[in-house]
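Source file: run.txt; contents: compact mmCIF, C-alpha atoms (C1' of nucleotides).
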# COMPACT_ATOMS: atom_id res chain seq x y z
CA MET A 820 104.38 94.84 77.12
CA ALA A 821 101.33 96.43 78.63
CA GLY A 822 99.74 93.03 78.94
CA TYR A 823 98.55 91.18 81.96
CA HIS A 824 101.78 89.30 82.50
CA HIS A 825 104.71 91.44 83.31
CA GLY A 826 107.23 88.62 83.25
CA ASN A 827 109.13 89.27 86.40
CA LEU A 828 107.09 91.68 88.43
CA ARG A 829 108.30 90.25 91.68
CA ASP A 830 111.94 91.08 91.05
CA ALA A 831 111.07 94.43 89.52
CA ILE A 832 109.23 95.44 92.67
CA LEU A 833 112.03 94.28 94.94
CA ALA A 834 114.68 96.08 92.92
CA GLY A 835 112.63 99.26 92.72
CA ALA A 836 111.84 99.19 96.42
CA VAL A 837 115.47 98.69 97.38
CA SER A 838 116.50 101.63 95.27
CA VAL A 839 113.87 103.95 96.71
CA ILE A 840 114.66 102.92 100.28
CA ALA A 841 118.39 103.37 99.72
CA ARG A 842 117.82 106.89 98.46
CA ASP A 843 115.06 108.26 100.70
CA GLY A 844 114.43 105.76 103.46
CA VAL A 845 111.74 103.17 103.95
CA GLY A 846 109.16 105.77 104.90
CA ALA A 847 109.39 107.22 101.42
CA LEU A 848 108.51 103.92 99.78
CA SER A 849 105.13 104.21 98.09
CA LEU A 850 104.00 100.98 96.51
CA ARG A 851 101.50 102.91 94.40
CA ALA A 852 104.18 105.18 92.99
CA LEU A 853 106.49 102.25 92.43
CA ALA A 854 103.76 100.31 90.64
CA ALA A 855 103.06 103.28 88.40
CA GLU A 856 106.74 103.55 87.54
CA ILE A 857 106.94 99.88 86.68
CA GLY A 858 103.74 100.15 84.69
CA VAL A 859 101.33 97.96 86.62
CA SER A 860 98.30 98.69 88.72
CA HIS A 861 98.69 99.65 92.36
CA THR A 862 97.53 96.29 93.65
CA ALA A 863 99.55 94.06 91.36
CA PHE A 864 102.12 93.40 94.09
CA ARG A 865 99.56 91.76 96.35
CA ARG A 866 99.64 88.47 94.47
CA HIS A 867 103.37 88.20 95.12
CA PHE A 868 103.80 89.72 98.55
CA GLY A 869 100.37 89.97 100.12
CA SER A 870 100.99 93.32 101.74
CA ARG A 871 103.53 96.04 102.17
CA GLU A 872 104.90 94.14 105.15
CA GLY A 873 105.38 91.18 102.84
CA VAL A 874 107.57 93.23 100.51
CA LEU A 875 109.71 94.44 103.39
CA ASN A 876 109.95 90.94 104.87
CA THR A 877 111.19 89.62 101.56
CA LEU A 878 113.82 92.35 101.44
CA ALA A 879 114.87 91.59 105.01
CA VAL A 880 115.27 87.89 104.27
CA GLN A 881 117.16 88.66 101.08
CA GLY A 882 119.45 91.08 102.89
CA ASN A 883 120.24 88.67 105.69
CA LEU A 884 121.08 85.90 103.23
CA MET A 885 123.33 88.21 101.23
CA LEU A 886 125.05 89.36 104.40
CA ALA A 887 125.47 85.80 105.65
CA GLU A 888 127.19 84.76 102.46
CA GLN A 889 129.57 87.71 102.44
CA LEU A 890 130.45 87.17 106.09
CA ARG A 891 131.09 83.46 105.55
CA SER A 892 133.26 84.23 102.57
CA SER A 893 135.42 86.75 104.42
CA ALA A 894 135.69 84.35 107.36
CA THR A 895 137.59 81.89 105.20
CA THR A 896 140.30 84.41 104.33
CA GLY A 897 140.48 86.64 107.38
CA GLY A 898 139.98 86.88 111.11
CA PHE A 899 137.16 88.45 113.07
CA ILE A 900 138.35 91.93 112.15
CA GLU A 901 137.85 91.23 108.45
CA VAL A 902 134.45 89.73 109.19
CA GLY A 903 133.54 92.88 111.06
CA VAL A 904 134.76 95.11 108.27
CA THR A 905 132.72 93.05 105.82
CA TYR A 906 129.62 93.69 107.95
CA VAL A 907 130.15 97.44 107.66
CA ARG A 908 130.98 97.23 103.97
CA PHE A 909 127.78 95.29 103.32
CA ALA A 910 125.70 97.94 105.06
CA LEU A 911 127.25 100.76 103.05
CA ALA A 912 126.98 98.87 99.77
CA ASN A 913 123.39 97.74 100.37
CA PRO A 914 121.72 100.55 102.29
CA GLY A 915 118.29 99.63 100.98
CA HIS A 916 118.46 96.14 102.40
CA PHE A 917 120.24 97.13 105.60
CA ALA A 918 117.66 99.81 106.37
CA VAL A 919 114.97 97.14 106.55
CA MET A 920 116.72 94.13 108.06
CA PHE A 921 116.56 95.28 111.67
CA ARG A 922 113.32 97.25 111.58
CA SER A 923 111.29 94.86 113.67
CA ASP A 924 108.49 97.41 113.82
CA LEU A 925 107.95 97.03 110.07
CA LEU A 926 108.40 93.30 109.75
CA ASP A 927 106.64 90.08 110.61
CA ASN A 928 109.21 88.83 113.08
CA GLU A 929 107.46 85.48 113.39
CA ASP A 930 108.15 84.66 109.75
CA PRO A 931 110.20 81.41 109.85
CA GLU A 932 112.17 82.43 106.77
CA LEU A 933 113.20 85.65 108.42
CA ILE A 934 114.13 83.97 111.68
CA SER A 935 116.24 81.45 109.83
CA ALA A 936 117.94 84.06 107.64
CA ARG A 937 118.76 86.14 110.68
CA SER A 938 120.40 83.32 112.57
CA GLU A 939 122.34 82.46 109.45
CA SER A 940 123.73 85.97 109.17
CA PHE A 941 124.66 86.18 112.84
CA ALA A 942 126.54 82.88 112.89
CA PRO A 943 129.76 83.86 111.07
CA LEU A 944 130.33 86.89 113.28
CA ARG A 945 129.64 84.86 116.41
CA ASP A 946 131.96 82.04 115.29
CA GLY A 947 134.71 84.47 114.35
CA VAL A 948 134.65 85.97 117.82
CA ARG A 949 134.35 82.59 119.54
CA ALA A 950 137.53 81.48 117.82
CA LEU A 951 139.41 84.13 119.76
CA GLY A 952 138.79 82.27 123.00
CA ALA A 953 137.83 85.34 125.00
CA ALA A 954 137.37 85.05 128.75
CA ASP A 955 133.79 86.34 128.43
CA PRO A 956 132.69 85.06 125.00
CA ILE A 957 129.20 86.52 125.13
CA ALA A 958 130.52 89.96 125.99
CA ALA A 959 133.02 89.65 123.16
CA GLU A 960 130.27 88.69 120.69
CA VAL A 961 128.05 91.53 121.77
CA ALA A 962 130.91 94.01 121.69
CA ALA A 963 131.97 92.97 118.19
CA TRP A 964 128.44 92.96 116.83
CA GLY A 965 127.69 96.21 118.59
CA VAL A 966 130.69 98.04 117.17
CA VAL A 967 130.13 97.07 113.57
CA HIS A 968 126.38 97.51 113.75
CA GLY A 969 126.72 100.83 115.51
CA ILE A 970 129.28 102.14 113.05
CA ALA A 971 127.20 101.00 110.09
CA THR A 972 124.06 102.62 111.49
CA LEU A 973 125.75 105.87 112.47
CA ALA A 974 127.51 106.09 109.10
CA LEU A 975 124.31 105.50 107.13
CA ASN A 976 122.30 108.14 108.94
CA GLY A 977 125.06 110.70 108.62
CA SER A 978 125.87 110.88 112.31
CA LEU A 979 129.50 109.86 111.92
CA ALA A 980 130.29 112.51 109.37
CA GLY A 981 128.31 115.02 111.40
CA ALA A 982 130.05 114.34 114.71
CA LEU A 983 133.55 114.07 113.29
CA ASN A 984 132.80 117.11 111.17
CA GLN A 985 134.23 115.61 108.02
CA THR A 986 133.63 112.97 105.42
CA VAL A 987 135.19 109.72 106.52
CA ASP A 988 136.39 106.48 105.01
CA VAL A 989 134.00 104.36 107.03
CA GLU A 990 135.51 101.05 106.11
CA ALA A 991 138.99 102.09 107.22
CA LEU A 992 137.52 103.64 110.32
CA ALA A 993 135.76 100.39 111.16
CA ARG A 994 139.02 98.51 110.85
CA ARG A 995 140.75 100.94 113.19
CA ALA A 996 137.85 100.79 115.64
CA LEU A 997 137.88 96.99 115.68
CA SER A 998 141.59 97.13 116.49
CA GLN A 999 140.81 99.03 119.68
CA PHE A 1000 139.34 95.83 120.78
CA ASN A 1001 141.00 93.27 122.95
CA PRO A 1002 138.77 90.38 123.94
CA LEU A 1003 141.73 88.29 125.11
CA ARG A 1004 141.68 89.33 128.73
CA MET B 353 87.80 121.80 128.95
CA ALA B 354 86.46 121.50 125.45
CA GLY B 355 87.34 125.12 124.82
CA TYR B 356 89.64 126.65 122.31
CA HIS B 357 92.61 126.84 124.64
CA HIS B 358 93.91 123.55 125.77
CA GLY B 359 96.45 124.99 128.17
CA ASN B 360 99.46 122.91 127.32
CA LEU B 361 98.75 121.31 123.99
CA ARG B 362 102.36 121.39 122.99
CA ASP B 363 103.54 119.20 125.85
CA ALA B 364 100.50 116.94 125.57
CA ILE B 365 101.34 116.23 121.94
CA LEU B 366 104.99 115.59 122.69
CA ALA B 367 104.19 113.26 125.57
CA GLY B 368 101.58 111.37 123.57
CA ALA B 369 103.84 111.04 120.56
CA VAL B 370 106.72 109.73 122.66
CA SER B 371 104.49 107.13 124.20
CA VAL B 372 103.09 105.92 120.87
CA ILE B 373 106.55 105.77 119.28
CA ALA B 374 107.96 103.88 122.25
CA ARG B 375 105.23 101.29 121.96
CA ASP B 376 104.76 100.83 118.22
CA GLY B 377 107.49 102.75 116.43
CA VAL B 378 107.50 106.09 114.70
CA GLY B 379 105.67 104.71 111.68
CA ALA B 380 102.66 104.03 113.86
CA LEU B 381 102.41 107.64 114.99
CA SER B 382 99.23 109.19 113.61
CA LEU B 383 98.90 112.83 114.49
CA ARG B 384 95.19 112.66 113.71
CA ALA B 385 94.63 109.78 116.11
CA LEU B 386 96.75 111.46 118.75
CA ALA B 387 94.80 114.72 118.38
CA ALA B 388 91.53 112.85 118.77
CA GLU B 389 92.80 111.19 121.91
CA ILE B 390 93.88 114.50 123.38
CA GLY B 391 90.58 116.03 122.37
CA VAL B 392 91.61 118.63 119.81
CA SER B 393 91.15 118.90 116.09
CA HIS B 394 93.50 117.16 113.70
CA THR B 395 95.28 120.37 112.74
CA ALA B 396 95.74 121.89 116.18
CA PHE B 397 99.37 120.78 116.31
CA ARG B 398 100.33 122.89 113.32
CA ARG B 399 100.41 126.13 115.28
CA HIS B 400 103.04 124.62 117.58
CA PHE B 401 105.08 122.42 115.27
CA GLY B 402 104.23 123.37 111.71
CA SER B 403 104.31 119.85 110.41
CA ARG B 404 104.85 116.26 111.40
CA GLU B 405 108.55 116.75 110.79
CA GLY B 406 108.41 119.60 113.27
CA VAL B 407 107.04 117.32 115.97
CA LEU B 408 109.76 114.76 115.36
CA ASN B 409 112.45 117.44 115.27
CA THR B 410 111.31 118.73 118.63
CA LEU B 411 111.47 115.22 120.06
CA ALA B 412 114.94 114.71 118.60
CA VAL B 413 116.22 117.95 120.14
CA GLN B 414 114.60 117.09 123.45
CA GLY B 415 116.10 113.61 123.41
CA ASN B 416 119.60 114.84 122.63
CA LEU B 417 119.45 117.40 125.41
CA MET B 418 118.24 114.80 127.91
CA LEU B 419 120.97 112.41 126.83
CA ALA B 420 123.61 115.13 127.02
CA GLU B 421 122.68 115.92 130.58
CA GLN B 422 122.69 112.31 131.72
CA LEU B 423 126.04 111.68 130.05
CA ARG B 424 127.57 114.78 131.62
CA SER B 425 126.26 113.76 134.99
CA SER B 426 127.70 110.26 134.83
CA ALA B 427 131.00 111.66 133.57
CA THR B 428 131.51 113.45 136.87
CA THR B 429 131.27 110.26 138.89
CA GLY B 430 132.63 107.60 136.57
CA GLY B 431 134.95 106.88 133.69
CA PHE B 432 134.15 106.29 130.05
CA ILE B 433 132.66 102.90 130.80
CA GLU B 434 130.02 104.46 133.03
CA VAL B 435 129.33 107.10 130.40
CA GLY B 436 128.85 104.34 127.84
CA VAL B 437 126.54 102.41 130.12
CA THR B 438 124.54 105.59 130.67
CA TYR B 439 124.13 105.92 126.90
CA VAL B 440 122.61 102.47 126.72
CA ARG B 441 120.48 103.02 129.80
CA PHE B 442 119.11 106.23 128.31
CA ALA B 443 118.11 104.45 125.11
CA LEU B 444 116.29 101.71 126.99
CA ALA B 445 114.59 104.15 129.36
CA ASN B 446 113.56 106.56 126.58
CA PRO B 447 112.84 104.42 123.54
CA GLY B 448 110.44 106.96 122.10
CA HIS B 449 113.04 109.68 121.99
CA PHE B 450 115.89 107.41 120.98
CA ALA B 451 113.91 106.01 118.05
CA VAL B 452 113.73 109.48 116.53
CA MET B 453 117.06 111.07 117.43
CA PHE B 454 119.09 109.40 114.67
CA ARG B 455 116.43 109.09 112.00
CA SER B 456 117.87 111.66 109.63
CA ASP B 457 115.36 110.58 106.99
CA LEU B 458 112.53 111.89 109.16
CA LEU B 459 114.14 115.06 110.47
CA ASP B 460 115.19 118.46 109.26
CA ASN B 461 118.90 117.96 109.74
CA GLU B 462 119.62 121.61 108.96
CA ASP B 463 117.71 122.76 112.02
CA PRO B 464 120.27 124.72 114.11
CA GLU B 465 118.69 123.60 117.36
CA LEU B 466 119.04 119.97 116.34
CA ILE B 467 122.63 120.42 115.21
CA SER B 468 123.51 122.09 118.48
CA ALA B 469 121.74 119.50 120.62
CA ARG B 470 123.49 116.70 118.77
CA SER B 471 126.95 118.09 119.29
CA GLU B 472 126.10 118.64 122.93
CA SER B 473 125.15 115.01 123.40
CA PHE B 474 128.21 113.70 121.61
CA ALA B 475 130.69 115.78 123.60
CA PRO B 476 130.70 113.90 126.93
CA LEU B 477 131.30 110.54 125.27
CA ARG B 478 134.06 112.00 123.11
CA ASP B 479 135.71 113.70 126.09
CA GLY B 480 135.49 110.58 128.21
CA VAL B 481 137.32 108.58 125.58
CA ARG B 482 139.84 111.35 124.90
CA ALA B 483 140.81 111.29 128.57
CA LEU B 484 142.08 107.76 128.08
CA GLY B 485 144.88 109.02 125.87
CA ALA B 486 144.51 106.34 123.23
CA ALA B 487 147.08 106.08 120.47
CA ASP B 488 144.35 106.54 117.85
CA PRO B 489 141.82 108.81 119.57
CA ILE B 490 139.39 109.00 116.67
CA ALA B 491 139.27 105.24 116.36
CA ALA B 492 138.71 105.00 120.10
CA GLU B 493 135.85 107.49 119.95
CA VAL B 494 134.19 105.73 117.07
CA ALA B 495 134.64 102.35 118.68
CA ALA B 496 133.14 103.50 121.96
CA TRP B 497 130.24 105.30 120.33
CA GLY B 498 129.71 102.41 117.96
CA VAL B 499 129.51 99.79 120.71
CA VAL B 500 127.03 101.61 122.87
CA HIS B 501 124.93 102.81 119.95
CA GLY B 502 124.97 99.39 118.35
CA ILE B 503 124.02 97.63 121.57
CA ALA B 504 121.23 100.11 122.26
CA THR B 505 119.86 99.75 118.74
CA LEU B 506 120.08 95.97 118.67
CA ALA B 507 118.51 95.70 122.11
CA LEU B 508 115.62 97.99 121.23
CA ASN B 509 114.70 96.15 118.03
CA GLY B 510 114.87 92.79 119.74
CA SER B 511 117.89 91.53 117.84
CA LEU B 512 120.01 90.96 120.92
CA ALA B 513 117.46 88.80 122.66
CA GLY B 514 116.78 87.02 119.39
CA ALA B 515 120.39 86.21 118.60
CA LEU B 516 121.39 85.23 122.12
CA ASN B 517 118.15 83.31 122.37
CA GLN B 518 117.28 84.65 125.78
CA THR B 519 116.21 87.75 127.58
CA VAL B 520 119.22 89.73 128.65
CA ASP B 521 120.20 92.37 131.17
CA VAL B 522 121.28 94.84 128.50
CA GLU B 523 122.84 97.30 130.90
CA ALA B 524 125.09 94.67 132.46
CA LEU B 525 125.88 93.32 129.03
CA ALA B 526 126.92 96.76 127.86
CA ARG B 527 129.25 97.07 130.81
CA ARG B 528 130.85 93.72 130.02
CA ALA B 529 131.14 94.63 126.36
CA LEU B 530 132.79 97.95 127.13
CA SER B 531 135.31 96.10 129.24
CA GLN B 532 136.42 94.15 126.17
CA PHE B 533 137.80 97.43 125.09
CA ASN B 534 141.40 98.41 125.30
CA PRO B 535 142.14 101.72 123.60
CA LEU B 536 145.49 102.08 125.38
CA ARG B 537 147.74 100.53 122.78
C1' DC C 997 84.07 148.38 131.21
C1' DC C 998 85.13 147.35 126.68
C1' DA C 999 87.42 147.45 122.09
C1' DT C 1000 90.90 145.76 119.83
C1' DC C 1001 94.34 142.31 118.54
C1' DA C 1002 97.28 138.45 118.65
C1' DA C 1003 97.39 133.71 119.88
C1' DT C 1004 95.05 129.43 119.63
C1' DC C 1005 92.13 126.14 117.88
C1' DT C 1006 88.32 124.45 114.24
C1' DT C 1007 86.15 123.44 109.78
C1' DG C 1008 86.22 121.75 105.37
C1' DA C 1009 88.66 120.18 101.40
C1' DC C 1010 92.40 117.81 98.94
C1' DA C 1011 95.75 114.47 97.14
C1' DG C 1012 98.08 110.48 98.44
C1' DT C 1013 98.42 105.84 100.84
C1' DG C 1014 97.65 100.60 101.78
C1' DA C 1015 94.00 97.26 101.83
C1' DG C 1016 90.20 94.48 100.13
C1' DA C 1017 86.47 92.38 97.04
C1' DA C 1018 85.27 91.24 92.65
C1' DG C 1019 86.21 90.90 88.00
C1' DT C 1020 89.25 90.09 83.59
C1' DA C 1021 92.98 88.59 80.76
C1' DT C 1022 96.59 85.39 79.68
C1' DC C 1023 99.14 81.09 79.92
C1' DC C 1024 99.60 76.07 80.23
C1' DG C 1025 98.32 71.25 80.27
C1' DC C 1026 95.38 68.37 78.00
C1' DG D 1374 90.36 74.78 71.63
C1' DC D 1375 88.87 73.77 76.38
C1' DG D 1376 89.37 74.36 81.34
C1' DG D 1377 91.56 75.73 85.12
C1' DA D 1378 95.19 78.12 87.40
C1' DT D 1379 97.95 82.27 87.54
C1' DA D 1380 98.66 87.20 87.06
C1' DC D 1381 96.88 91.40 86.83
C1' DT D 1382 92.97 95.32 86.89
C1' DT D 1383 89.12 98.14 88.58
C1' DC D 1384 86.61 100.16 92.05
C1' DT D 1385 85.97 101.35 96.63
C1' DC D 1386 87.17 102.24 101.37
C1' DA D 1387 89.21 104.22 105.55
C1' DC D 1388 93.01 106.71 106.85
C1' DT D 1389 96.91 110.00 106.61
C1' DG D 1390 99.32 114.81 106.48
C1' DT D 1391 98.75 119.40 104.56
C1' DC D 1392 96.61 123.70 103.57
C1' DA D 1393 93.42 127.92 103.40
C1' DA D 1394 90.04 130.23 105.72
C1' DG D 1395 87.32 131.10 109.64
C1' DA D 1396 85.88 131.04 114.63
C1' DT D 1397 86.97 131.59 119.56
C1' DT D 1398 89.45 133.10 123.41
C1' DG D 1399 92.60 135.82 126.59
C1' DA D 1400 95.21 139.85 127.27
C1' DT D 1401 96.21 144.70 126.79
C1' DG D 1402 95.41 149.48 126.89
C1' DG D 1403 91.94 153.21 126.66

Can you present the structure in this file as structure tokens?
Amino acid sequence: MAGYHHGNLRDAILAGAVSVIARDGVGALSLRALAAEIGVSHTAFRRHFGSREGVLNTLAVQGNLMLAEQLRSSATTGGFIEVGVTYVRFALANPGHFAVMFRSDLLDNEDPELISARSESFAPLRDGVRALGAADPIAAEVAAWGVVHGIATLALNGSLAGALNQTVDVEALARRALSQFNPLR
Amino acid sequence: MAGYHHGNLRDAILAGAVSVIARDGVGALSLRALAAEIGVSHTAFRRHFGSREGVLNTLAVQGNLMLAEQLRSSATTGGFIEVGVTYVRFALANPGHFAVMFRSDLLDNEDPELISARSESFAPLRDGVRALGAADPIAAEVAAWGVVHGIATLALNGSLAGALNQTVDVEALARRALSQFNPLR
DNA sequence: CCATCAATCTTGACAGTGAGAAGTATCCGC
DNA sequence: GCGGATACTTCTCACTGTCAAGATTGATGG
């Protein structure tokens, strides 16, 4: 148990990191503290991730792949509104991953895995909007992505509840907000 | 010059911090390095800001007040689309401030000054949307705020350029995206 | 002119952080 | 049961923000 081989240190670190980030933000993530909690030395993670940036990159890739799958799945049963709602739901359900995925200042943005995962997660939203046949498809894409990303971000940092001065059902709110939207002319 | 009284240390720290954050993100801000660059000791900032959080809080208040004024100003000459575009323009023109304003994990969100500045900056956007007389005013507010905030965020972290696979005129794009918007029914 | 006093900045110390080099234990194929 | 590859440890380093205590300066009133 206290031996040299933990068994699945890699996953333990990722799971622990996600939980800390979800609770207190990525700035509060101390790999030393996390290692102590898991019961390994403070440099054990280096074999698996290289550096702190490596841990965060892995989380970002993971998050984008998870998001991509959920978006694809909801695209088969619903229209672009459901895809958008799924985007927001993912962010609220996986705050630890979401908090890292777009933090280009903390990531190695040249990492091919990350680039690939990102394009994979953007595709379903783009395709859902394209299917609407808007007059200005790029504007429609950007608007749709912007709304759901903005709502997710503002909800996670407490701005939505603060500005509306109440606790809100973010998912329902996202659906209503997406309905304000009329890309067809 | 090398004396005990700098003259305007407070503003020098704020200006330096904003510039570092704009370039490399808030995580890259080292108060010690900044103090050395300015030519004071590494604890000189404490008299003015108390702690690192105090510096960031001051920047967040400052940013919200600047944004509030620009939004109010554009509200007198244009409709809600122009107000929205101004939101995006502010973010791009003041990335150092914008990067801090919504980072509730780094701020003292109970600070009365911050609370007040935030409500001041949200008001013009809310009022601009309200004037449209949408059937679901809250959804319209959230949608409008979400789009501009999402676009600003995605543009600043490079996601927009990455996904669209090109450099983009974000301000023009924001205007087109806001036009996809139809809160009246 | 100068004595006080508050405001401003410095010095020195501390615990915590990520990174790196070098070493040690365990597992697996043979 | 040997040898090499894999997984982890130890020790050290530079750097960070915070804190307590002390030094310097500018302003105010006698």

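Reported to one decimal place, the separation of CA of Ala529 (chain B) from CA of Ala936 (chain A) is 25.2 Å.
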
Restrict the distance test to all atoms listed in the file, flag each residue of chain D within 8 Å of chain B, and return the flagged residues as an MDAnalysis selection string. chainID D and resid 1389:1390 1397:1398

With a distance cut-off of 9 Å and all atoms listed in the file, select the neighbouring residues of Ala982 (chain A), excluding the residue or stretch itself and same-chain residues fewer than 4 positions from it, and output the selection as a list in words. Gly977 and Ser978 of chain A; Arg470, Ser471 and Phe474 of chain B

If we count all atoms listed in the file, what is near DC1001 (chain C) at a cut-off of 12 Å, once residues fewer than 4 positions away on the same chain are taken out, given as a PyMOL selection string? chain D and resi 1398-1402

Dump as CSV the rows for residues of region 858-927 of chain A within 8 Å of region 1377-1387 of chain D: closest atom pair and distance in Å with one decimal, all atoms listed in the file counted, ordered by chain and rising residue number.
residue,atom,partner,partner_atom,distance
A:Val859,CA,D:DC1381,C1',7.9
A:Ser860,CA,D:DT1382,C1',6.6
A:Ala863,CA,D:DC1381,C1',5.9
A:Arg866,CA,D:DA1380,C1',7.6

Residues at most 10 Å from Phe909 (chain A), counting only C-alpha atoms (C1' of nucleotides), excluding those fewer than 6 positions away in the same chain, as a ChimeraX atom specification? /A:882,885-886,889-890,903,916-917,971

Keeping C-alpha atoms for every residue in the selection just given, could you write it to a file as a compact mmCIF listing (two decimals), keeping the file's coordinate frame?
# COMPACT_ATOMS: atom_id res chain seq x y z
CA GLY A 882 119.45 91.08 102.89
CA MET A 885 123.33 88.21 101.23
CA LEU A 886 125.05 89.36 104.40
CA GLN A 889 129.57 87.71 102.44
CA LEU A 890 130.45 87.17 106.09
CA GLY A 903 133.54 92.88 111.06
CA HIS A 916 118.46 96.14 102.40
CA PHE A 917 120.24 97.13 105.60
CA ALA A 971 127.20 101.00 110.09

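Atom pair CA of Leu926 (chain A) / CA of Arg945 (chain A) has a distance of 23.8 Å (rounded to one decimal).
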
Only residues of chain B matter here; which ones have an atom within 7 Å of chain A, counting all atoms listed in the file? Give them as an NGL selection string. :B and (376-377 or 454-457 or 471 or 491-492 or 494-495 or 498-503 or 509 or 515 or 525 or 528-530 or 532-535)

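Distance annotation: of B:Met453, B:Asp521, B:Leu361, B:Gly406, the residue with the minimal separation from chain C is B:Leu361; atom set is only C-alpha atoms (C1' of nucleotides).
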
Between C1' of DC1375 (chain D) and C1' of DA1018 (chain C), measure the distance and give it in Å to one decimal. 24.1 Å

Give me, as a CSV table (one decimal) with C-alpha atoms (C1' of nucleotides), in the frame of the given file, the residues of chain C touching chain A, with the criterion being at most 8 Å (counting only C-alpha atoms (C1' of nucleotides)).
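Below is the file selection.csv, written as the result:
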chain,number,residue,atom,x,y,z
C,1013,DT,C1',98.4,105.8,100.8
C,1014,DG,C1',97.6,100.6,101.8
C,1021,DA,C1',93.0,88.6,80.8
C,1022,DT,C1',96.6,85.4,79.7

Please return as a list in words every residue within 10 Å of (109.7, 93.2, 96.0), taking into account all atoms listed in the file and the file's own coordinates. Leu828, Arg829, Asp830, Ala831, Ile832, Leu833, Ala834, Gly835, Ala836, Val837, Leu850, Phe864, His867, Phe868, Arg871, Gly873, Val874, Leu875, Asn876, Thr877 and Leu878 of chain A

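Across C:DC1005, C:DA1011, C:DC1023, C:DC997, the tightest approach to DA1396 (chain D) is made by C:DC1005 when counting all atoms listed in the file.
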
Exercise: DA1393 (chain D) partners within 12 Å, all atoms listed in the file, chain neighbours under 6 positions left out, as a count of residues only: 4

Taking the block above, write region 1379-1392 of chain D with C-alpha atoms (C1' of nucleotides) as a PDB file, in the first residue's frame.
ATOM      1  C1'  DT D1379       9.089   1.376 -14.944  1.00  0.00           C
ATOM      2  C1'  DA D1380       7.497   3.846 -10.896  1.00  0.00           C
ATOM      3  C1'  DC D1381       8.497   6.250  -7.143  1.00  0.00           C
ATOM      4  C1'  DT D1382      11.663   8.843  -3.410  1.00  0.00           C
ATOM      5  C1'  DT D1383      15.043  12.103  -1.518  1.00  0.00           C
ATOM      6  C1'  DC D1384      17.344  16.231  -1.535  1.00  0.00           C
ATOM      7  C1'  DT D1385      18.021  20.669  -3.189  1.00  0.00           C
ATOM      8  C1'  DC D1386      16.941  24.936  -5.491  1.00  0.00           C
ATOM      9  C1'  DA D1387      14.813  29.354  -6.746  1.00  0.00           C
ATOM     10  C1'  DC D1388      10.714  31.634  -6.209  1.00  0.00           C
ATOM     11  C1'  DT D1389       6.289  33.136  -4.144  1.00  0.00           C
ATOM     12  C1'  DG D1390       3.073  35.727  -0.687  1.00  0.00           C
ATOM     13  C1'  DT D1391       2.721  36.915   4.164  1.00  0.00           C
ATOM     14  C1'  DC D1392       4.019  38.782   8.501  1.00  0.00           C
TER      15       DC D1392
END
